[in-house]
Every structure is written in C-alpha cells, then in structure tokens.
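Colleague: One file: start-v2.cif (mmCIF, C-alpha atoms).
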data_start
loop_
_atom_site.label_atom_id
_atom_site.label_comp_id
_atom_site.auth_asym_id
_atom_site.auth_seq_id
_atom_site.Cartn_x
_atom_site.Cartn_y
_atom_site.Cartn_z
CA MET A 68 20.77 16.81 9.40
CA ALA A 69 17.56 14.86 8.70
CA GLN A 70 15.73 16.85 11.38
CA ARG A 71 16.95 20.11 9.84
CA ILE A 72 15.66 19.10 6.43
CA GLN A 73 12.33 18.16 7.99
CA PHE A 74 11.57 21.55 9.40
CA LEU A 75 12.77 23.23 6.23
CA ASP A 76 10.17 21.18 4.37
CA GLY A 77 7.66 22.40 6.95
CA LEU A 78 8.62 25.98 6.10
CA ARG A 79 8.04 25.13 2.44
CA GLY A 80 4.60 23.98 3.48
CA LEU A 81 3.96 27.37 5.07
CA ALA A 82 5.27 29.14 1.95
CA ILE A 83 2.87 27.30 -0.38
CA ILE A 84 -0.03 27.97 2.00
CA LEU A 85 0.71 31.70 1.83
CA VAL A 86 0.96 31.70 -1.96
CA ILE A 87 -2.33 29.79 -2.33
CA LEU A 88 -4.09 32.15 0.07
CA PHE A 89 -2.94 35.10 -2.02
CA HIS A 90 -3.86 33.59 -5.38
CA GLY A 91 -7.12 32.06 -4.22
CA TYR A 92 -8.41 34.89 -2.05
CA ALA A 93 -6.85 38.14 -3.25
CA ARG A 94 -4.93 38.15 -6.54
CA TRP A 95 -7.74 37.30 -8.96
CA TRP A 96 -10.65 39.28 -7.53
CA GLU A 97 -12.05 39.95 -11.01
CA TYR A 98 -12.64 36.19 -11.42
CA VAL A 99 -13.74 35.46 -7.86
CA PRO A 100 -15.44 38.61 -6.53
CA TYR A 101 -15.51 37.32 -2.95
CA ALA A 102 -11.74 37.92 -2.93
CA ARG A 103 -12.36 41.60 -2.16
CA GLU A 104 -13.78 40.54 1.20
CA TYR A 105 -10.77 38.41 2.15
CA ALA A 106 -8.05 40.64 0.72
CA LYS A 107 -8.33 42.93 3.73
CA TYR A 108 -6.58 40.31 5.87
CA LEU A 109 -2.80 40.80 5.91
CA VAL A 110 -1.94 37.10 5.61
CA VAL A 111 -4.06 36.94 2.42
CA GLN A 112 -3.18 40.35 0.99
CA GLU A 113 0.56 39.74 1.31
CA GLY A 114 0.56 35.97 0.88
CA TRP A 115 2.74 36.49 -2.21
CA LEU A 116 5.62 36.82 0.28
CA GLY A 117 5.52 33.04 0.46
CA VAL A 118 7.69 33.21 -2.67
CA ASN A 119 10.28 35.24 -0.76
CA LEU A 120 10.21 32.59 1.95
CA PHE A 121 10.93 30.03 -0.77
CA PHE A 122 13.91 32.19 -1.79
CA MET A 123 15.29 32.18 1.76
CA ILE A 124 14.93 28.41 1.99
CA SER A 125 16.62 28.10 -1.38
CA GLY A 126 19.58 30.19 -0.24
CA PHE A 127 19.94 27.88 2.77
CA VAL A 128 19.83 24.57 0.88
CA ILE A 129 21.75 25.76 -2.18
CA LEU A 130 24.81 26.56 -0.09
CA LEU A 131 24.51 23.09 1.43
CA THR A 132 24.29 21.55 -2.06
CA LEU A 133 27.24 23.56 -3.33
CA GLU A 134 29.36 22.10 -0.55
CA LYS A 135 28.44 18.60 -1.72
CA CYS A 136 29.34 19.20 -5.38
CA GLN A 137 32.70 19.01 -7.12
CA GLY A 138 32.12 21.73 -9.68
CA VAL A 139 29.74 24.02 -11.55
CA TRP A 140 28.35 21.43 -13.92
CA GLU A 141 27.63 18.85 -11.25
CA PHE A 142 25.75 21.46 -9.23
CA LEU A 143 23.75 22.74 -12.20
CA TYR A 144 22.98 19.15 -13.24
CA ARG A 145 21.57 18.41 -9.78
CA ARG A 146 19.49 21.56 -9.84
CA TRP A 147 18.16 20.81 -13.33
CA LEU A 148 17.34 17.26 -12.30
CA ARG A 149 15.45 18.60 -9.31
CA LEU A 150 13.40 21.13 -11.30
CA PHE A 151 12.86 19.70 -14.77
CA PRO A 152 10.72 16.54 -14.31
CA ALA A 153 7.94 18.28 -12.38
CA MET A 154 8.12 21.27 -14.73
CA LEU A 155 7.76 18.96 -17.73
CA VAL A 156 4.66 17.32 -16.28
CA ALA A 157 3.21 20.64 -15.10
CA SER A 158 3.76 22.32 -18.46
CA LEU A 159 2.02 19.55 -20.38
CA LEU A 160 -0.79 19.40 -17.84
CA VAL A 161 -1.39 23.15 -17.89
CA PHE A 162 -1.22 23.39 -21.68
CA PHE A 163 -3.52 20.49 -22.47
CA THR A 164 -6.15 21.43 -19.87
CA GLN A 165 -6.35 25.09 -20.84
CA THR A 166 -9.62 24.69 -22.78
CA TRP A 167 -11.36 22.87 -19.94
CA LEU A 168 -10.03 25.38 -17.40
CA SER A 169 -10.74 28.46 -19.50
CA GLU A 170 -12.48 30.21 -16.58
CA GLY A 171 -9.04 30.99 -15.13
CA PRO A 172 -6.77 33.96 -15.91
CA SER A 173 -4.49 32.17 -18.42
CA LYS A 174 -5.82 32.76 -21.92
CA ALA A 175 -4.99 31.69 -25.49
CA LEU A 176 -1.86 29.71 -24.78
CA HIS A 177 0.34 28.89 -27.77
CA PRO A 178 2.66 25.86 -28.04
CA ILE A 179 5.66 28.20 -27.93
CA ASP A 180 4.55 29.25 -24.43
CA ILE A 181 5.72 25.86 -23.19
CA LEU A 182 9.35 26.88 -23.79
CA PRO A 183 9.91 29.34 -20.90
CA GLY A 184 9.01 26.73 -18.30
CA LEU A 185 10.95 23.88 -19.87
CA SER A 186 14.03 26.02 -20.45
CA PHE A 187 13.68 28.16 -17.28
CA ILE A 188 14.35 31.19 -19.47
CA GLU A 189 12.46 34.49 -19.24
CA PRO A 190 9.65 34.74 -21.84
CA ASP A 191 10.89 38.16 -22.98
CA TRP A 192 14.29 36.68 -23.77
CA LEU A 193 12.70 33.95 -25.87
CA ALA A 194 10.41 36.47 -27.55
CA SER A 195 13.47 38.44 -28.67
CA LEU A 196 15.10 35.23 -29.91
CA PHE A 197 12.10 33.97 -31.89
CA GLY A 198 10.73 37.34 -32.96
CA GLN A 199 7.23 36.64 -31.69
CA PRO A 200 5.33 36.99 -28.40
CA VAL A 201 6.07 34.37 -25.77
CA LYS A 202 4.50 34.11 -22.30
CA SER A 203 4.63 31.73 -19.38
CA LEU A 204 2.00 29.03 -19.12
CA GLU A 205 1.52 30.05 -15.49
CA TYR A 206 2.21 33.48 -14.02
CA ALA A 207 3.83 31.81 -11.01
CA PHE A 208 6.69 30.51 -13.17
CA TRP A 209 8.42 33.89 -12.80
CA SER A 210 10.09 32.81 -9.56
CA LEU A 211 11.69 29.79 -11.27
CA TYR A 212 13.47 32.12 -13.69
CA VAL A 213 14.80 34.05 -10.67
CA GLU A 214 15.89 30.81 -8.98
CA VAL A 215 17.83 29.62 -12.01
CA LYS A 216 19.64 32.93 -12.37
CA PHE A 217 20.65 32.63 -8.73
CA TYR A 218 21.85 29.04 -9.27
CA ILE A 219 24.12 30.06 -12.13
CA VAL A 220 25.58 33.05 -10.30
CA ALA A 221 26.03 31.01 -7.11
CA ALA A 222 27.75 28.11 -8.88
CA VAL A 223 30.17 30.29 -10.83
CA LEU A 224 31.20 32.44 -7.87
CA TYR A 225 31.35 29.60 -5.34
CA PHE A 226 33.62 27.37 -7.41
CA TRP A 227 35.67 30.29 -8.71
CA LYS A 228 36.25 32.35 -5.57
CA GLY A 229 34.62 30.53 -2.68
CA ARG A 230 31.74 30.92 -0.25
CA ASN A 231 32.57 34.33 1.21
CA VAL A 232 32.99 35.98 -2.19
CA LEU A 233 29.65 34.53 -3.25
CA LEU A 234 27.92 35.87 -0.15
CA GLY A 235 29.64 39.23 -0.50
CA PHE A 236 28.50 39.58 -4.09
CA LEU A 237 24.90 38.65 -3.28
CA ILE A 238 24.77 41.18 -0.45
CA ALA A 239 26.51 43.94 -2.39
CA ALA A 240 24.30 43.45 -5.46
CA TYR A 241 21.13 43.63 -3.38
CA LEU A 242 22.27 46.68 -1.38
CA LEU A 243 23.31 48.53 -4.53
CA VAL A 244 19.94 47.97 -6.18
CA LEU A 245 18.16 48.97 -2.97
CA ALA A 246 20.26 52.13 -2.62
CA ILE A 247 19.53 53.20 -6.19
CA ASN A 248 15.82 52.60 -5.71
CA LEU A 249 15.82 54.67 -2.52
CA SER A 250 17.97 57.47 -3.94
CA ASP A 251 20.46 57.75 -6.78
CA PHE A 252 22.85 59.73 -4.50
CA GLY A 253 23.88 61.86 -7.47
CA LEU A 254 25.36 58.88 -9.33
CA PRO A 255 25.92 59.27 -13.09
CA GLY A 256 22.88 58.42 -15.18
CA PRO A 257 24.63 55.80 -17.35
CA PHE A 258 25.87 53.97 -14.23
CA ILE A 259 22.37 53.88 -12.76
CA GLN A 260 20.95 52.61 -16.05
CA GLN A 261 23.55 49.84 -16.17
CA ILE A 262 22.67 48.74 -12.62
CA ARG A 263 18.98 48.79 -13.44
CA TRP A 264 19.68 46.70 -16.54
CA LEU A 265 21.66 44.20 -14.47
CA ASP A 266 18.84 44.11 -11.94
CA GLU A 267 16.29 43.35 -14.64
CA THR A 268 18.56 40.78 -16.28
CA LEU A 269 19.79 38.91 -13.19
CA SER A 270 16.96 39.74 -10.75
CA LEU A 271 19.45 41.24 -8.29
CA ARG A 272 16.65 42.66 -6.11
CA TYR A 273 15.96 39.14 -4.81
CA PHE A 274 19.58 38.26 -4.06
CA GLY A 275 19.32 39.60 -0.52
CA TRP A 276 16.75 36.92 0.32
CA PHE A 277 19.02 34.18 -1.02
CA ALA A 278 22.00 35.66 0.83
CA SER A 279 20.11 35.81 4.12
CA GLY A 280 19.11 32.17 3.81
CA ALA A 281 22.67 31.18 2.92
CA MET A 282 24.10 33.01 5.93
CA PHE A 283 21.55 31.31 8.16
CA TYR A 284 22.92 28.03 6.80
CA VAL A 285 26.46 29.06 7.76
CA PHE A 286 25.21 29.87 11.24
CA TYR A 287 23.33 26.59 11.51
CA THR A 288 26.39 24.53 10.65
CA SER A 289 28.96 26.62 12.56
CA ARG A 290 26.86 27.93 15.47
CA ASN A 291 28.72 31.21 15.04
CA TRP A 292 26.21 33.81 16.19
CA ALA A 293 27.84 36.56 14.17
CA TRP A 294 26.46 34.84 11.07
CA PHE A 295 23.02 34.67 12.67
CA VAL A 296 23.03 38.40 13.42
CA ALA A 297 24.22 39.23 9.89
CA ALA A 298 21.62 36.96 8.29
CA LEU A 299 18.86 38.34 10.47
CA GLY A 300 19.85 41.95 9.80
CA LEU A 301 19.95 41.45 6.04
CA GLY A 302 16.69 39.49 6.08
CA VAL A 303 14.86 42.17 8.07
CA LEU A 304 16.18 44.78 5.63
CA CYS A 305 14.84 42.71 2.73
CA GLY A 306 11.51 42.25 4.46
CA PHE A 307 11.09 45.91 5.35
CA PHE A 308 12.10 47.32 1.96
CA VAL A 309 10.21 44.78 -0.12
CA TRP A 310 7.76 47.62 -0.71
CA ARG A 311 10.38 49.54 -2.71
CA LEU A 312 11.70 46.62 -4.74
CA GLN A 313 8.52 44.64 -5.36
CA TYR A 314 6.12 47.50 -5.90
CA VAL A 315 3.80 47.28 -2.92
CA PRO A 316 2.40 50.47 -1.40
CA ARG A 317 3.93 50.43 2.07
CA PRO A 318 6.55 48.79 4.32
CA SER A 319 5.62 45.18 4.96
CA LEU A 320 5.13 43.87 8.48
CA MET A 321 4.56 40.47 6.92
CA GLY A 322 7.93 40.55 5.13
CA VAL A 323 9.78 41.18 8.37
CA SER A 324 7.68 38.60 10.20
CA ILE A 325 8.61 35.88 7.70
CA VAL A 326 12.31 36.54 8.30
CA LEU A 327 11.87 36.56 12.09
CA LEU A 328 9.98 33.27 11.90
CA PHE A 329 12.67 31.66 9.73
CA ALA A 330 15.33 32.75 12.22
CA ALA A 331 13.29 31.57 15.20
CA VAL A 332 12.73 28.12 13.71
CA LEU A 333 16.49 27.62 13.32
CA VAL A 334 17.12 28.10 17.04
CA THR A 335 13.90 26.93 18.70
CA PRO A 336 13.35 23.16 19.12
CA LEU A 337 9.63 23.66 19.79
CA LEU A 338 9.16 25.46 16.46
CA GLN A 339 11.25 22.81 14.73
CA ARG A 340 8.87 20.16 16.05
CA LEU A 341 5.89 22.27 14.99
CA PHE A 342 7.22 22.55 11.45
CA SER A 343 7.92 18.81 11.43
CA LEU A 344 4.27 17.82 11.90
CA ARG A 345 3.09 15.38 9.24
CA TRP A 346 0.51 17.56 7.57
CA ILE A 347 2.84 20.49 6.99
CA LEU A 348 5.68 18.17 5.93
CA PHE A 349 3.28 16.72 3.36
CA LEU A 350 2.51 20.17 1.99
CA GLY A 351 6.22 20.91 1.89
CA ALA A 352 6.88 17.70 -0.01
CA VAL A 353 4.31 18.53 -2.70
CA SER A 354 4.96 22.29 -2.68
CA TYR A 355 6.99 22.42 -5.89
CA PRO A 356 4.56 20.62 -8.25
CA LEU A 357 1.63 22.27 -6.47
CA TYR A 358 3.20 25.69 -7.01
CA LEU A 359 3.63 24.95 -10.71
CA ILE A 360 0.08 23.81 -11.45
CA HIS A 361 -2.11 25.67 -8.99
CA GLU A 362 -2.74 29.25 -10.09
CA ASN A 363 -4.93 29.11 -13.21
CA ALA A 364 -6.52 25.80 -12.27
CA LEU A 365 -7.37 26.94 -8.75
CA ILE A 366 -9.29 29.95 -10.03
CA ALA A 367 -11.00 27.94 -12.78
CA PHE A 368 -12.11 25.22 -10.35
CA THR A 369 -13.32 27.87 -7.92
CA VAL A 370 -15.44 29.54 -10.60
CA LYS A 371 -16.88 26.14 -11.59
CA SER A 372 -17.64 25.25 -7.97
CA ASP A 373 -19.28 28.61 -7.37
CA GLY A 374 -21.45 28.12 -10.45
CA LEU A 375 -22.61 24.71 -9.19
CA ASN A 376 -23.22 26.15 -5.73
CA MET A 377 -25.56 28.76 -7.21
CA ALA A 378 -27.19 26.45 -9.77
CA TRP A 379 -28.00 23.79 -7.20
CA GLY A 380 -29.03 26.32 -4.56
CA LEU A 381 -26.67 24.90 -1.97
CA GLY A 382 -26.14 28.24 -0.25
CA LEU A 383 -22.57 27.45 0.77
CA PRO A 384 -20.31 30.43 1.63
CA PRO A 385 -18.46 31.58 -1.52
CA GLY A 386 -15.16 31.47 0.34
CA LEU A 387 -15.43 27.67 0.57
CA MET A 388 -15.61 27.24 -3.20
CA ILE A 389 -11.83 27.12 -3.37
CA LEU A 390 -11.67 23.85 -1.45
CA PRO A 391 -12.79 21.23 -4.05
CA GLY A 392 -10.30 22.48 -6.63
CA LEU A 393 -7.56 22.81 -4.06
CA ALA A 394 -8.08 19.21 -2.95
CA LEU A 395 -7.82 18.02 -6.57
CA LEU A 396 -4.65 20.05 -7.12
CA VAL A 397 -3.00 18.75 -3.94
CA LEU A 398 -3.82 15.21 -5.07
CA ALA A 399 -2.38 15.92 -8.53
CA ALA A 400 0.78 17.41 -6.99
CA TYR A 401 1.18 14.33 -4.78
CA LEU A 402 0.83 11.98 -7.77
CA ILE A 403 3.39 14.00 -9.70
CA MET A 404 5.85 14.02 -6.79
CA ARG A 405 5.33 10.44 -5.66
CA PHE A 406 4.92 8.53 -8.92
CA ILE A 407 5.44 10.52 -12.12
CA GLU A 408 8.71 12.33 -11.33
CA PRO A 409 10.55 9.09 -10.42
CA VAL A 410 9.35 7.46 -13.64
CA ILE A 411 10.63 10.37 -15.73
CA LYS A 412 14.00 10.22 -13.97
CA ARG A 413 14.28 6.49 -14.61
CA TRP A 414 13.18 6.92 -18.22
CA LEU A 415 15.86 9.54 -18.73
CA LYS A 416 18.30 7.25 -16.89
CA PHE A 417 19.23 9.93 -14.39
CA PRO A 418 20.51 8.63 -11.06
CA LYS A 419 18.81 9.67 -7.87
CA THR A 420 20.31 12.94 -6.65
CA PRO A 421 21.70 12.81 -3.10
CA GLY A 422 21.55 15.69 -0.66
CA ALA A 423 18.90 18.20 0.25
CA ARG A 424 15.62 18.86 -1.45
CA GLY A 425 15.72 22.01 -3.55
CA ALA A 426 13.55 25.08 -3.15
#
Would you mind writing the structure in this file as structure tokens?
Modeller:
Amino acid sequence: MAQRIQFLDGLRGLAIILVILFHGYARWWEYVPYAREYAKYLVVQEGWLGVNLFFMISGFVILLTLEKCQGVWEFLYRRWLRLFPAMLVASLLVFFTQTWLSEGPSKALHPIDILPGLSFIEPDWLASLFGQPVKSLEYAFWSLYVEVKFYIVAAVLYFWKGRNVLLGFLIAAYLLVLAINLSDFGLPGPFIQQIRWLDETLSLRYFGWFASGAMFYVFYTSRNWAWFVAALGLGVLCGFFVWRLQYVPRPSLMGVSIVLLFAAVLVTPLLQRLFSLRWILFLGAVSYPLYLIHENALIAFTVKSDGLNMAWGLGLPPGLMILPGLALLVLAAYLIMRFIEPVIKRWLKFPKTPGARGA
C-alpha cells in the first residue's frame, strides 16, 4: 500500500508540473510575451490537463478513504482537515502580498474574496448570497470547488447506497452531460435546461474523471481486469471529448495520453519506480500548497525577473525568467506543507488523519 501511495504522489508531481508549464508558458501571454513562443508545444499548450490528472488521482484515493470511514461526516471531516490548513495559509499569503505582486493577473482583491477559498464555495454562489461581487483570490481555486462537490456527492451516495451505485451515478451523470453537449437527440428543452443547470451546479462534466480513477482503484485492489478495461474506456472517452466539455478547439491527444499513462503506471513496476523517484515525490508532496499559491505569484515574479534581466543587461533567455520565482514558490510550498500545516492542525486540536493523502 505504501508503494502505491508513493507512485500516486509521483503522478501528483507530474500533474503540478503540467499546470505550471501551462500557467507559466502559455496561459498569461499578455503578461509574459515570450509565452507565445512556447505555447506551440503541446505539453505547454494543454498543460491545464494536469488538473484532470489530479481529478483521476482524487477519484482513486477518495474511494480508498471512503472505505476507511464510518460515515458521511467522518469522511467530510477528513477531507476538510486535508484541504483547509493549506488553503488558510495560501489565502492569507495571496491576499496580503497582492500589492507587492501586482504585476500578476489578479487585480484589486477585496477581503470578501477570501471567502470562496476558505469555504470551498463557488464565488458566484457567495455573490448571490451577499449581493455583491465575489471572486477567487486565485483563478486556480476553481478545481477545489469541483473537488468538494465531488466529495459531498461521493460521501452521500457511498454511505447511502454503496460503491457500485456511486460509480454508476458518476458515470451516468458524465455520459448524460456529454450526450447533451454532442447532440440533444430531440430531448425536451426543459429537460436539457435542467441537466445543464445540474452540470453547472455540481460540475457533472468532471465526474467521469473521478469515476475513472475510482474504477482504477477497484481494479488495483481486486486485480479484476474487467474494472481496468471499464476505467480505461471511460478515461479515454473523457480525454478525447475534453474538447467538447472544457471548451478547447479540437480533440485532445494529451487528454487521452494522460489516461493511458495513469493506467500504465498501475500495472507497470518500472513506471511505478520511475514515479517513486525522490524529486518527483517531493513535487507531489508539495503539489497542493504549490497549486494554491503559484499562479499570480509566478507571473508577477517572472515579470520582475525579466525587468531585472533587461535593466542589468544580463541577456538571459526570457524563458528562464520563470525559474527564480518558481524556486521561491516551491520553497514556500514546502514550508507550508512541512511546518505550517502541522502547527495549524495542532492549534486547532485536530488529530492527525490516517489513510491516504488527498488530491
């Protein structure tokens, strides 16, 4: 079991690498013009699929965690305990450094913008509640809102009807949303609108990724190859049709490749050893706090570094200007993970949570 968790952490390391490549070298081209040069590379252009890899890993470990819990509230408590301390630190860090890091894409943050992260609730929901605009401190927080919706749905269905009903619902919800986005098949307009509303509310379009990861977990623990084939088939479907559900212009070779790699790691000892190397395990260990704090700060540090490079006439390639800020952010993520999170947990008098690391 320890070895399995190791290579899953290695896959987390790969996921955060992909996300950072996308944000640092493609997403914010208007702030770092060199990004246009690097965005032509597929691994950079579609690095955002690292988030979908996180979702698959989450589906895998969440089913494991559900099996270790006695009920809904114990499971949700463990998930909250896993997510909240780093989010608290990240939210305060992002908010109180916004002036110094004003070169990045996050602008004019208001104290109320801290709430979406700390509550893991969509900003639009909070805006409706408070009657004023609310936004996330970091754009990347969107995936945490999706994760928490999945946790709630998974906990309720698992402890109410069991594992197979949970998996069936996740698959059916995803396939229904996909079918409607491909063609409405002459379905009544009100029905389609209700499904679209549910999709927007519960983020059903991502449930296929969670379901694929969960079925891979069932395969891994049972060695029943029927589960492997089902998980692989659903995952490939998710990867191929990500262009319809996540608004990219064409079918994604990268999306399918991520699923194939995940499947291959589960059954290939050599790949398991590769994803258990120290450096990628380290990135996996710090991936959650790094994900929370990296986006705006990475761009701001890059702009600052590029300015110094030009002012001092160093002549370094612009593509290297991401490295000083990235090193600082990795160090900050390590300090959060290694020292600050445990202190917060002790201060709140929460016991250490057993079981697998969350996504």
Colleague: Applied to this file, what does the PyMOL selection byres ((chain A and resi 82) around 12) return in terms of residues, put as a ChimeraX atom specification?
Modeller: /A:75-81,83-89,110,113-125,325,328-329,342,347-348,350-355,357-358,426
Colleague: Work out how far apart atom CA of A:Ala240 and atom CA of A:Lys202 are and give it in Å to one decimal.
Modeller: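 For atom CA of A:Ala240 relative to atom CA of A:Lys202, the distance reads 27.6 Å.
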Colleague: Find the residue from A:Pro152, A:Pro100, A:Trp95, A:Gly392 that sits nearest to A:Leu415; use only C-alpha atoms when measuring.
Modeller: A:Pro152
Colleague: Excluding stretch 231-236 of chain A and its own-chain neighbours fewer than 4 positions away, which residues fall within 10 Å of it when counting all atoms listed in the file? Please give them as a PyMOL selection string.
Modeller: chain A and resi 130+220-227+240-242+274-275+277-279+281-282
Colleague: Suppose we keep C-alpha atoms; can you now write the selection as a short mmCIF file (atom, residue, chain, number, x, y, z; two decimals), in the coordinates of the input?
Modeller:
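The result, written out as result_8.cif:
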data_model
loop_
_atom_site.label_atom_id
_atom_site.label_comp_id
_atom_site.auth_asym_id
_atom_site.auth_seq_id
_atom_site.Cartn_x
_atom_site.Cartn_y
_atom_site.Cartn_z
CA LEU A 130 24.81 26.56 -0.09
CA VAL A 220 25.58 33.05 -10.30
CA ALA A 221 26.03 31.01 -7.11
CA ALA A 222 27.75 28.11 -8.88
CA VAL A 223 30.17 30.29 -10.83
CA LEU A 224 31.20 32.44 -7.87
CA TYR A 225 31.35 29.60 -5.34
CA PHE A 226 33.62 27.37 -7.41
CA TRP A 227 35.67 30.29 -8.71
CA ALA A 240 24.30 43.45 -5.46
CA TYR A 241 21.13 43.63 -3.38
CA LEU A 242 22.27 46.68 -1.38
CA PHE A 274 19.58 38.26 -4.06
CA GLY A 275 19.32 39.60 -0.52
CA PHE A 277 19.02 34.18 -1.02
CA ALA A 278 22.00 35.66 0.83
CA SER A 279 20.11 35.81 4.12
CA ALA A 281 22.67 31.18 2.92
CA MET A 282 24.10 33.01 5.93
#
Colleague: Determine the nearest neighbour of A:Gly184 from the options A:Leu237, A:Ile411, A:Ile262, A:Ile360, counting all atoms listed in the file.
Modeller: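 Checking each of A:Leu237, A:Ile411, A:Ile262, A:Ile360 against A:Gly184, counting all atoms listed in the file, the winner is A:Ile360.
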Colleague: Counting all atoms listed in the file, find the residues whose atoms lie at most 12 Å from (16.5, 43.2, 8.8) (file coordinates) and write them out as a list of chain:residue names.
Modeller: A:Gly275, A:Trp276, A:Ser279, A:Phe295, A:Val296, A:Ala297, A:Ala298, A:Leu299, A:Gly300, A:Leu301, A:Gly302, A:Val303, A:Leu304, A:Cys305, A:Gly306, A:Phe307, A:Phe308, A:Val309, A:Ser319, A:Leu320, A:Gly322, A:Val323, A:Ser324, A:Ile325, A:Val326, A:Leu327, A:Ala330
Colleague: Counting only C-alpha atoms, figure out which residue out of A:Ser250, A:Glu189, A:Ala239, A:Glu214 gets nearest to A:Thr268.
Modeller: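 Closest to A:Thr268, using only C-alpha atoms: A:Glu189.
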Colleague: Suppose you want the space between atom CA of A:His177 and atom CA of A:Gln199; what is it in Å?
Modeller: 11.1 Å
